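As provided, query-v9.csv (CSV, C-alpha atoms) reads as follows.
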chain,number,residue,atom,x,y,z
S,1,MET,CA,88.6,103.4,117.8
S,2,GLU,CA,89.3,105.1,114.5
S,3,GLU,CA,86.6,107.1,112.8
S,4,THR,CA,86.4,107.8,109.1
S,5,GLN,CA,83.9,109.0,106.6
S,6,THR,CA,81.9,106.4,104.8
S,7,LEU,CA,80.8,106.6,101.1
S,8,LYS,CA,77.7,105.1,99.7
S,9,VAL,CA,77.7,104.2,96.0
S,10,ASP,CA,74.3,104.0,94.4
S,11,VAL,CA,73.3,101.9,91.4
S,12,GLN,CA,74.4,104.6,89.0
S,13,GLY,CA,77.8,104.7,90.5
S,14,LYS,CA,77.4,108.0,92.2
S,15,VAL,CA,79.1,108.5,95.5
S,16,ASP,CA,77.2,110.1,98.4
S,17,LYS,CA,78.8,111.0,101.8
S,18,LEU,CA,77.2,109.5,104.9
S,19,ALA,CA,77.3,111.3,108.2
S,20,ASN,CA,77.6,108.3,110.4
S,21,GLY,CA,81.2,107.4,109.8
S,22,HIS,CA,83.1,104.1,109.9
S,23,ALA,CA,82.0,102.9,113.3
S,24,GLY,CA,78.8,104.8,113.8
S,25,LYS,CA,80.2,107.4,116.2
S,26,ASN,CA,78.5,110.4,117.6
S,27,HIS,CA,75.0,108.8,117.5
S,28,SER,CA,73.3,110.4,120.5
S,29,HIS,CA,69.9,110.2,118.7
S,30,LEU,CA,68.1,108.1,116.2
S,31,SER,CA,69.4,108.1,112.6
S,32,THR,CA,68.3,107.5,109.1
S,33,ILE,CA,70.9,105.6,107.0
S,34,GLY,CA,69.9,104.7,103.5
S,35,ASN,CA,66.5,103.1,103.7
S,36,SER,CA,66.8,102.3,107.4
S,37,THR,CA,65.1,104.7,109.8
S,38,ASN,CA,65.0,105.1,113.6
S,39,ILE,CA,68.3,103.3,114.2
S,40,LYS,CA,71.0,104.0,116.7
S,41,TRP,CA,74.6,102.6,116.9
S,42,HIS,CA,75.1,100.6,120.1
S,43,GLU,CA,78.5,100.9,121.7
S,44,CYS,CA,80.2,98.0,123.5
S,45,PRO,CA,83.1,98.1,126.0
S,46,VAL,CA,85.4,95.8,123.9
S,47,GLU,CA,86.8,97.8,121.0
S,48,LYS,CA,89.0,97.2,118.0
S,49,THR,CA,92.2,98.0,119.9
S,50,ASP,CA,91.2,95.3,122.6
S,51,ARG,CA,90.7,92.7,119.9
S,52,GLN,CA,94.0,93.6,118.2
S,53,LYS,CA,95.9,93.1,121.5
S,54,LEU,CA,94.2,89.8,122.0
S,55,LEU,CA,95.2,88.6,118.5
S,56,GLN,CA,98.6,90.4,118.5
S,57,GLN,CA,98.0,91.9,115.1
S,58,LYS,CA,96.3,94.9,113.5
S,59,GLY,CA,93.1,94.5,111.5
S,60,CYS,CA,93.2,95.7,107.9
S,61,VAL,CA,91.9,94.9,104.4
S,62,ILE,CA,94.2,93.7,101.7
S,63,TRP,CA,92.2,94.3,98.5
S,64,ILE,CA,93.6,92.2,95.5
S,65,THR,CA,92.4,93.5,92.2
S,66,GLY,CA,93.2,92.4,88.6
S,67,LEU,CA,91.8,90.7,85.5
S,68,SER,CA,90.3,87.2,85.6
S,69,GLY,CA,93.2,84.7,85.5
S,70,SER,CA,95.7,87.2,86.9
S,71,GLY,CA,96.3,85.0,89.9
S,72,LYS,CA,94.4,86.8,92.6
S,73,SER,CA,93.0,83.8,94.4
S,74,SER,CA,96.3,81.9,94.2
S,75,VAL,CA,98.2,84.8,95.8
S,76,ALA,CA,95.4,85.3,98.4
S,77,CYS,CA,95.7,81.6,99.5
S,78,ALA,CA,99.5,81.8,99.6
S,79,LEU,CA,99.3,84.9,101.7
S,80,SER,CA,96.7,83.4,104.1
S,81,GLN,CA,98.9,80.3,104.5
S,82,MET,CA,102.0,82.4,105.3
S,83,LEU,CA,100.1,84.4,107.8
S,84,TYR,CA,98.7,81.2,109.4
S,85,GLN,CA,102.3,79.8,109.7
S,86,ARG,CA,103.2,83.0,111.6
S,87,GLY,CA,100.3,82.6,114.0
S,88,LYS,CA,98.3,85.5,112.4
S,89,LEU,CA,94.6,85.3,111.8
S,90,SER,CA,93.2,86.1,108.3
S,91,TYR,CA,90.2,85.4,106.2
S,92,ILE,CA,89.7,85.4,102.4
S,93,LEU,CA,86.7,87.0,100.7
S,94,ASP,CA,87.0,85.5,97.2
S,95,GLY,CA,84.9,87.0,94.5
S,96,ASP,CA,83.4,83.7,93.3
S,97,ASN,CA,83.0,82.3,96.8
S,98,VAL,CA,80.9,85.2,98.1
S,99,ARG,CA,78.6,84.8,95.1
S,100,HIS,CA,77.8,81.3,96.4
S,101,GLY,CA,76.1,82.8,99.5
S,102,LEU,CA,76.1,86.4,100.5
S,103,ASN,CA,75.8,87.7,96.9
S,104,ARG,CA,74.0,84.8,95.3
S,105,ASP,CA,71.1,87.2,94.4
S,106,LEU,CA,73.3,89.4,92.3
S,107,SER,CA,74.0,89.2,88.6
S,108,PHE,CA,76.8,90.7,86.6
S,109,LYS,CA,74.8,93.7,85.4
S,110,ALA,CA,76.4,97.0,86.1
S,111,GLU,CA,74.2,97.9,89.1
S,112,ASP,CA,74.7,94.4,90.6
S,113,ARG,CA,78.4,94.7,90.2
S,114,VAL,CA,78.4,97.9,92.2
S,115,GLU,CA,76.4,96.2,94.9
S,116,ASN,CA,78.6,93.2,94.9
S,117,ILE,CA,81.7,95.3,95.6
S,118,ARG,CA,79.8,97.4,98.2
S,119,ARG,CA,78.7,94.3,100.2
S,120,VAL,CA,82.2,92.8,100.1
S,121,GLY,CA,83.7,96.1,101.2
S,122,GLU,CA,81.3,96.3,104.2
S,123,VAL,CA,82.0,92.7,105.2
S,124,ALA,CA,85.7,93.3,104.9
S,125,LYS,CA,85.4,96.4,107.1
S,126,LEU,CA,83.8,94.2,109.8
S,127,PHE,CA,86.5,91.7,109.6
S,128,ALA,CA,89.2,94.4,110.0
S,129,ASP,CA,87.3,95.9,112.9
S,130,ALA,CA,87.3,92.4,114.5
S,131,GLY,CA,91.1,92.5,114.2
S,132,PHE,CA,91.4,90.1,111.2
S,133,ILE,CA,93.7,90.6,108.3
S,134,CYS,CA,91.0,90.4,105.7
S,135,ILE,CA,92.1,89.4,102.1
S,136,ALA,CA,89.5,90.4,99.5
S,137,CYS,CA,90.3,89.1,96.0
S,138,LEU,CA,87.9,90.3,93.3
S,139,ILE,CA,88.3,91.7,89.8
S,140,SER,CA,86.7,94.9,91.0
S,141,PRO,CA,87.3,96.7,87.7
S,142,TYR,CA,86.1,100.2,88.5
S,143,LYS,CA,88.2,102.8,90.4
S,144,ARG,CA,85.1,104.4,92.0
S,145,ASP,CA,84.0,101.1,93.6
S,146,ARG,CA,87.5,100.4,95.0
S,147,ALA,CA,87.7,104.0,96.2
S,148,ALA,CA,84.4,103.7,98.0
S,149,CYS,CA,85.7,100.6,99.8
S,150,ARG,CA,88.9,102.3,100.7
S,151,ALA,CA,86.9,105.2,102.2
S,152,MET,CA,85.1,102.8,104.6
S,153,LEU,CA,88.3,102.2,106.5
S,154,PRO,CA,90.7,104.3,108.6
S,155,SER,CA,93.6,105.7,106.7
S,156,GLY,CA,96.2,103.1,105.9
S,157,ASP,CA,94.0,100.1,106.7
S,158,PHE,CA,93.0,99.5,103.1
S,159,ILE,CA,95.9,98.0,101.2
S,160,GLU,CA,95.3,97.8,97.5
S,161,VAL,CA,97.2,95.1,95.6
S,162,PHE,CA,97.2,95.3,91.8
S,163,MET,CA,97.9,92.1,89.9
S,164,ASP,CA,99.5,93.8,86.9
S,165,VAL,CA,99.2,90.9,84.5
S,166,PRO,CA,98.6,91.7,80.8
S,167,LEU,CA,95.3,90.5,79.1
S,168,ARG,CA,97.2,88.3,76.8
S,169,VAL,CA,98.8,86.4,79.7
S,170,CYS,CA,95.4,86.0,81.5
S,171,GLU,CA,93.7,84.9,78.3
S,172,ASP,CA,96.4,82.3,77.6
S,173,ARG,CA,95.9,80.9,81.1
S,174,ASP,CA,92.1,81.1,81.0
S,175,PRO,CA,91.7,78.7,84.0
S,176,LYS,CA,87.9,78.8,83.9
S,177,GLY,CA,87.5,78.9,80.1
S,178,LEU,CA,85.7,82.2,80.4
S,179,TYR,CA,87.8,84.2,77.9
S,180,LYS,CA,87.1,81.5,75.3
S,181,LEU,CA,83.3,81.9,76.0
S,182,ALA,CA,83.6,85.7,75.9
S,183,ARG,CA,85.4,85.7,72.6
S,184,ALA,CA,82.7,83.4,71.2
S,185,GLY,CA,80.1,85.9,72.3
S,186,LYS,CA,78.6,83.5,74.9
S,187,ILE,CA,79.4,85.8,77.8
S,188,LYS,CA,78.5,89.5,77.5
S,189,GLY,CA,80.1,92.3,79.4
S,190,PHE,CA,83.2,90.3,80.3
S,191,THR,CA,86.0,92.4,81.9
S,192,GLY,CA,88.9,92.9,79.5
S,193,ILE,CA,87.0,91.8,76.4
S,194,ASP,CA,83.9,94.0,76.1
S,195,ASP,CA,83.9,95.7,79.4
S,196,PRO,CA,86.8,97.8,80.7
S,197,TYR,CA,89.2,97.3,83.5
S,198,GLU,CA,90.5,100.5,85.2
S,199,SER,CA,94.0,99.9,86.5
S,200,PRO,CA,94.8,101.4,89.9
S,201,LEU,CA,97.1,104.4,89.8
S,202,ASP,CA,98.0,104.5,93.5
S,203,ALA,CA,98.0,100.8,94.7
S,204,GLU,CA,100.1,100.2,97.7
S,205,ILE,CA,101.5,97.0,96.2
S,206,VAL,CA,101.9,96.2,92.5
S,207,LEU,CA,102.7,92.6,91.5
S,208,LYS,CA,103.8,92.3,87.9
S,209,CYS,CA,103.8,89.3,85.6
S,210,ASN,CA,104.7,88.9,82.0
S,211,THR,CA,105.1,85.8,79.8
S,212,GLY,CA,108.0,83.8,81.0
S,213,ASP,CA,108.7,86.3,83.9
S,214,CYS,CA,106.2,85.5,86.7
S,215,SER,CA,107.0,85.1,90.3
S,216,THR,CA,105.3,82.2,92.2
S,217,PRO,CA,102.2,83.0,94.3
S,218,THR,CA,104.4,82.4,97.4
S,219,ASP,CA,107.0,84.9,96.2
S,220,MET,CA,104.3,87.5,95.6
S,221,ALA,CA,102.7,86.8,98.9
S,222,GLY,CA,106.1,87.3,100.5
S,223,LYS,CA,106.2,90.8,99.2
S,224,MET,CA,102.9,91.5,100.9
S,225,ILE,CA,104.2,90.0,104.1
S,226,SER,CA,107.1,92.4,104.0
S,227,TYR,CA,104.7,95.3,103.5
S,228,LEU,CA,102.6,94.2,106.5
S,229,GLU,CA,105.7,93.9,108.7
S,230,GLU,CA,107.0,97.3,107.6
S,231,LYS,CA,103.7,98.9,108.4
S,232,GLY,CA,103.3,97.2,111.7
S,233,TYR,CA,100.2,95.1,111.0
S,234,LEU,CA,101.8,91.9,112.3
S,235,GLN,CA,102.0,93.1,115.9
S,236,ALA,CA,99.5,94.8,118.2
What's the C-alpha cells form of this structure?
Amino acid sequence: MEETQTLKVDVQGKVDKLANGHAGKNHSHLSTIGNSTNIKWHECPVEKTDRQKLLQQKGCVIWITGLSGSGKSSVACALSQMLYQRGKLSYILDGDNVRHGLNRDLSFKAEDRVENIRRVGEVAKLFADAGFICIACLISPYKRDRAACRAMLPSGDFIEVFMDVPLRVCEDRDPKGLYKLARAGKIKGFTGIDDPYESPLDAEIVLKCNTGDCSTPTDMAGKMISYLEEKGYLQA
C-alpha cells in the first residue's frame, strides 16, 4: 500500500505534520495521535491493491470545489451515474448531505468550517482506500484546507476539479435562495459575498461556465471520465 505524509489542520488553520502517515505504517509501538494516546495501527492481510483488483478500478478522491450555485452537486451526480453505467463503484460526499449526519454538530464558523473539510477529507481517504472512486463536492473555499486533504492521499489520488463559474452566474442561479439572503444581511460570512473564495491555481480539471456558454453537467462529467481513463483509474 502507498504511504504518504498526513497533515493536521487545527482550528486556527495551521498545518502540523503527523508522523503516522496515510495508512498508519511503521507502528511497532504505541502512538499518540492528536488527543488519542496508546493507540496502534492494526494491519490486515487484505490491502488496497486487493480491493482494487476485486472492483477492477483504482481508488481515488475527486474533489469538486466552487462557489454555491456553480453546479458541483449536479456534476457529481452526473459523474456518478456515468461511472455506474460503466460498472464502476463511486460514492458522493455532498457538502450539504454530510451536514445532515456526520457533521451535524458543526456550524459555519471559521473553526467549524476547517473541521468540516477535515472530516470529509478523512472519510474520502477511507473510501479511496476501500477502492471506491469518491466524489466530494463542497465549496471548500480555502486553499490550505484543500491542500491538507490532498496531502492525506498518495500522489495523484487527489483530483481537484474547479467549477470556474463567475459569482454573477452563481448569484443569478441562486438555487437555494442563499445569495438573496446574504445580500439582505440575513446570512453572515457567506462565501463570495462577505467571505472569500480562494480559487485553485493547480487544479487537475477546470470546468468553465459563463452566461450563455455552459456545458451540461453530463458534458462536464464526460471530461472527468476522460481524465480518469487517461490516468488509469477505471481499471485495476
All residues 8 Å or closer to segment 89-95 of chain S, all atoms listed in the file, same chain fewer than 6 positions away omitted, as a list of chain:residue names
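Close residues of segment 89-95 of chain S: S:Leu55, S:Ser73, S:Ala76, S:Cys77, S:Ser80, S:Leu83, S:Val120, S:Ala124, S:Phe132, S:Ile133, S:Cys134, S:Ile135, S:Ala136, S:Cys137, S:Leu138, S:Ile139.
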Using all atoms listed in the file, tabulate the residues of segment 201-230 of chain S lying at most 10 Å from any atom of segment 160-164 of chain S, each with its closest atom pair and that distance in Å to one decimal, by chain and increasing residue number, as JSON lines.
{"residue": "S:Leu201", "atom": "CA", "partner": "S:Phe162", "partner_atom": "CA", "distance": 9.3}
{"residue": "S:Asp202", "atom": "CA", "partner": "S:Glu160", "partner_atom": "CA", "distance": 8.3}
{"residue": "S:Ala203", "atom": "CA", "partner": "S:Glu160", "partner_atom": "CA", "distance": 4.9}
{"residue": "S:Glu204", "atom": "CA", "partner": "S:Glu160", "partner_atom": "CA", "distance": 5.4}
{"residue": "S:Ile205", "atom": "CA", "partner": "S:Val161", "partner_atom": "CA", "distance": 4.7}
{"residue": "S:Val206", "atom": "CA", "partner": "S:Phe162", "partner_atom": "CA", "distance": 4.8}
{"residue": "S:Leu207", "atom": "CA", "partner": "S:Met163", "partner_atom": "CA", "distance": 5.1}
{"residue": "S:Lys208", "atom": "CA", "partner": "S:Asp164", "partner_atom": "CA", "distance": 4.7}
{"residue": "S:Cys209", "atom": "CA", "partner": "S:Asp164", "partner_atom": "CA", "distance": 6.4}
{"residue": "S:Asn210", "atom": "CA", "partner": "S:Asp164", "partner_atom": "CA", "distance": 8.7}
{"residue": "S:Met220", "atom": "CA", "partner": "S:Met163", "partner_atom": "CA", "distance": 9.7}
{"residue": "S:Met224", "atom": "CA", "partner": "S:Val161", "partner_atom": "CA", "distance": 8.6}
Keeping only C-alpha atoms, write the selected residues to a file as an mmCIF file, in the frame of the given file.
data_model
loop_
_atom_site.group_PDB
_atom_site.id
_atom_site.type_symbol
_atom_site.label_atom_id
_atom_site.label_comp_id
_atom_site.auth_asym_id
_atom_site.auth_seq_id
_atom_site.Cartn_x
_atom_site.Cartn_y
_atom_site.Cartn_z
ATOM 1 C CA LEU S 201 97.100 104.400 89.800
ATOM 2 C CA ASP S 202 98.000 104.500 93.500
ATOM 3 C CA ALA S 203 98.000 100.800 94.700
ATOM 4 C CA GLU S 204 100.100 100.200 97.700
ATOM 5 C CA ILE S 205 101.500 97.000 96.200
ATOM 6 C CA VAL S 206 101.900 96.200 92.500
ATOM 7 C CA LEU S 207 102.700 92.600 91.500
ATOM 8 C CA LYS S 208 103.800 92.300 87.900
ATOM 9 C CA CYS S 209 103.800 89.300 85.600
ATOM 10 C CA ASN S 210 104.700 88.900 82.000
ATOM 11 C CA MET S 220 104.300 87.500 95.600
ATOM 12 C CA MET S 224 102.900 91.500 100.900
#
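When only C-alpha atoms are used to measure the gap to Ile193 of chain S, the shortest distance among S:Thr49, S:Ser107, S:Gln81, S:Ser68 belongs to S:Ser68.
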Give the answer as one residue: which of S:Gln85, S:Thr211, S:Thr216, S:Asn103 has the shortest atom-to-atom distance to Val165 of chain S, using all atoms listed in the file?
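Smallest distance to Val165 of chain S is found for S:Thr211.
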Env of Arg183 of chain S: 12 Å cut, atoms = all atoms listed in the file, seq-sep filter 3 positions within chain, self excluded. Answer as a list in words.
Glu171, Asp174, Gly177, Leu178, Tyr179, Lys180, Lys186, Ile187, Lys188, Gly189, Phe190, Thr191, Gly192, Ile193 and Asp194 of chain S
Between atom CA of Gly87 of chain S and atom CA of Leu54 of chain S, what is the distance in Å, rounded to a tenth?
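Atom-to-atom, atom CA of Gly87 of chain S to atom CA of Leu54 of chain S, that is 12.4 Å.
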Could segment 122-133 of chain S be completed with all heavy atoms and written as a PDB file, in the coordinates of the input, please?
ATOM      1  N   GLU S 122      81.842  96.186 102.836  1.00  0.00           N
ATOM      2  CA  GLU S 122      81.300  96.300 104.200  1.00  0.00           C
ATOM      3  C   GLU S 122      81.645  95.092 105.051  1.00  0.00           C
ATOM      4  O   GLU S 122      81.948  95.244 106.241  1.00  0.00           O
ATOM      5  CB  GLU S 122      79.735  96.408 104.085  1.00  0.00           C
ATOM      6  CG  GLU S 122      79.239  97.723 103.495  1.00  0.00           C
ATOM      7  CD  GLU S 122      79.369  98.900 104.457  1.00  0.00           C
ATOM      8  OE1 GLU S 122      79.823  98.701 105.609  1.00  0.00           O
ATOM      9  OE2 GLU S 122      79.020 100.019 104.046  1.00  0.00           O
ATOM     10  N   VAL S 123      81.629  93.902 104.470  1.00  0.00           N
ATOM     11  CA  VAL S 123      82.000  92.700 105.200  1.00  0.00           C
ATOM     12  C   VAL S 123      83.495  92.762 105.582  1.00  0.00           C
ATOM     13  O   VAL S 123      83.897  92.437 106.713  1.00  0.00           O
ATOM     14  CB  VAL S 123      81.674  91.422 104.447  1.00  0.00           C
ATOM     15  CG1 VAL S 123      82.227  90.194 105.165  1.00  0.00           C
ATOM     16  CG2 VAL S 123      80.167  91.278 104.270  1.00  0.00           C
ATOM     17  N   ALA S 124      84.308  93.183 104.631  1.00  0.00           N
ATOM     18  CA  ALA S 124      85.700  93.300 104.900  1.00  0.00           C
ATOM     19  C   ALA S 124      86.020  94.288 106.007  1.00  0.00           C
ATOM     20  O   ALA S 124      86.896  94.063 106.853  1.00  0.00           O
ATOM     21  CB  ALA S 124      86.460  93.740 103.600  1.00  0.00           C
ATOM     22  N   LYS S 125      85.260  95.380 106.037  1.00  0.00           N
ATOM     23  CA  LYS S 125      85.400  96.400 107.100  1.00  0.00           C
ATOM     24  C   LYS S 125      85.107  95.749 108.463  1.00  0.00           C
ATOM     25  O   LYS S 125      85.805  96.036 109.453  1.00  0.00           O
ATOM     26  CB  LYS S 125      84.446  97.538 106.845  1.00  0.00           C
ATOM     27  CG  LYS S 125      84.475  98.622 107.911  1.00  0.00           C
ATOM     28  CD  LYS S 125      83.514  99.756 107.584  1.00  0.00           C
ATOM     29  CE  LYS S 125      82.064  99.335 107.758  1.00  0.00           C
ATOM     30  NZ  LYS S 125      81.126 100.479 107.576  1.00  0.00           N
ATOM     31  N   LEU S 126      84.088  94.903 108.537  1.00  0.00           N
ATOM     32  CA  LEU S 126      83.800  94.200 109.800  1.00  0.00           C
ATOM     33  C   LEU S 126      84.869  93.297 110.246  1.00  0.00           C
ATOM     34  O   LEU S 126      85.211  93.233 111.426  1.00  0.00           O
ATOM     35  CB  LEU S 126      82.436  93.477 109.653  1.00  0.00           C
ATOM     36  CG  LEU S 126      81.178  94.314 109.422  1.00  0.00           C
ATOM     37  CD1 LEU S 126      79.964  93.415 109.204  1.00  0.00           C
ATOM     38  CD2 LEU S 126      80.921  95.258 110.590  1.00  0.00           C
ATOM     39  N   PHE S 127      85.430  92.549 109.295  1.00  0.00           N
ATOM     40  CA  PHE S 127      86.500  91.700 109.600  1.00  0.00           C
ATOM     41  C   PHE S 127      87.725  92.457 110.173  1.00  0.00           C
ATOM     42  O   PHE S 127      88.354  92.069 111.163  1.00  0.00           O
ATOM     43  CB  PHE S 127      86.979  90.851 108.402  1.00  0.00           C
ATOM     44  CG  PHE S 127      86.264  89.538 108.243  1.00  0.00           C
ATOM     45  CD1 PHE S 127      85.333  89.344 107.236  1.00  0.00           C
ATOM     46  CD2 PHE S 127      86.533  88.479 109.099  1.00  0.00           C
ATOM     47  CE1 PHE S 127      84.671  88.137 107.091  1.00  0.00           C
ATOM     48  CE2 PHE S 127      85.882  87.259 108.963  1.00  0.00           C
ATOM     49  CZ  PHE S 127      84.951  87.087 107.956  1.00  0.00           C
ATOM     50  N   ALA S 128      88.039  93.579 109.515  1.00  0.00           N
ATOM     51  CA  ALA S 128      89.200  94.400 110.000  1.00  0.00           C
ATOM     52  C   ALA S 128      88.886  94.968 111.355  1.00  0.00           C
ATOM     53  O   ALA S 128      89.782  95.030 112.201  1.00  0.00           O
ATOM     54  CB  ALA S 128      89.404  95.543 108.962  1.00  0.00           C
ATOM     55  N   ASP S 129      87.636  95.362 111.607  1.00  0.00           N
ATOM     56  CA  ASP S 129      87.300  95.900 112.900  1.00  0.00           C
ATOM     57  C   ASP S 129      87.379  94.790 113.979  1.00  0.00           C
ATOM     58  O   ASP S 129      87.652  95.073 115.149  1.00  0.00           O
ATOM     59  CB  ASP S 129      85.844  96.434 112.873  1.00  0.00           C
ATOM     60  CG  ASP S 129      85.472  97.186 114.142  1.00  0.00           C
ATOM     61  OD1 ASP S 129      86.185  98.147 114.487  1.00  0.00           O
ATOM     62  OD2 ASP S 129      84.481  96.811 114.793  1.00  0.00           O
ATOM     63  N   ALA S 130      87.192  93.537 113.565  1.00  0.00           N
ATOM     64  CA  ALA S 130      87.300  92.400 114.500  1.00  0.00           C
ATOM     65  C   ALA S 130      88.793  92.087 114.775  1.00  0.00           C
ATOM     66  O   ALA S 130      89.091  91.293 115.671  1.00  0.00           O
ATOM     67  CB  ALA S 130      86.629  91.176 113.933  1.00  0.00           C
ATOM     68  N   GLY S 131      89.710  92.708 114.010  1.00  0.00           N
ATOM     69  CA  GLY S 131      91.100  92.500 114.200  1.00  0.00           C
ATOM     70  C   GLY S 131      91.749  91.517 113.211  1.00  0.00           C
ATOM     71  O   GLY S 131      92.946  91.239 113.260  1.00  0.00           O
ATOM     72  N   PHE S 132      90.945  91.022 112.272  1.00  0.00           N
ATOM     73  CA  PHE S 132      91.400  90.100 111.200  1.00  0.00           C
ATOM     74  C   PHE S 132      92.255  90.867 110.196  1.00  0.00           C
ATOM     75  O   PHE S 132      92.064  92.065 109.967  1.00  0.00           O
ATOM     76  CB  PHE S 132      90.273  89.445 110.496  1.00  0.00           C
ATOM     77  CG  PHE S 132      89.619  88.313 111.217  1.00  0.00           C
ATOM     78  CD1 PHE S 132      88.904  88.524 112.389  1.00  0.00           C
ATOM     79  CD2 PHE S 132      89.678  87.021 110.721  1.00  0.00           C
ATOM     80  CE1 PHE S 132      88.278  87.482 113.048  1.00  0.00           C
ATOM     81  CE2 PHE S 132      89.051  85.975 111.361  1.00  0.00           C
ATOM     82  CZ  PHE S 132      88.346  86.202 112.536  1.00  0.00           C
ATOM     83  N   ILE S 133      93.132  90.150 109.525  1.00  0.00           N
ATOM     84  CA  ILE S 133      93.700  90.600 108.300  1.00  0.00           C
ATOM     85  C   ILE S 133      92.837  90.029 107.185  1.00  0.00           C
ATOM     86  O   ILE S 133      92.897  88.836 106.894  1.00  0.00           O
ATOM     87  CB  ILE S 133      95.178  90.160 108.131  1.00  0.00           C
ATOM     88  CG1 ILE S 133      96.034  90.785 109.240  1.00  0.00           C
ATOM     89  CG2 ILE S 133      95.725  90.532 106.751  1.00  0.00           C
ATOM     90  CD1 ILE S 133      97.445  90.246 109.315  1.00  0.00           C
TER      91      ILE S 133
END
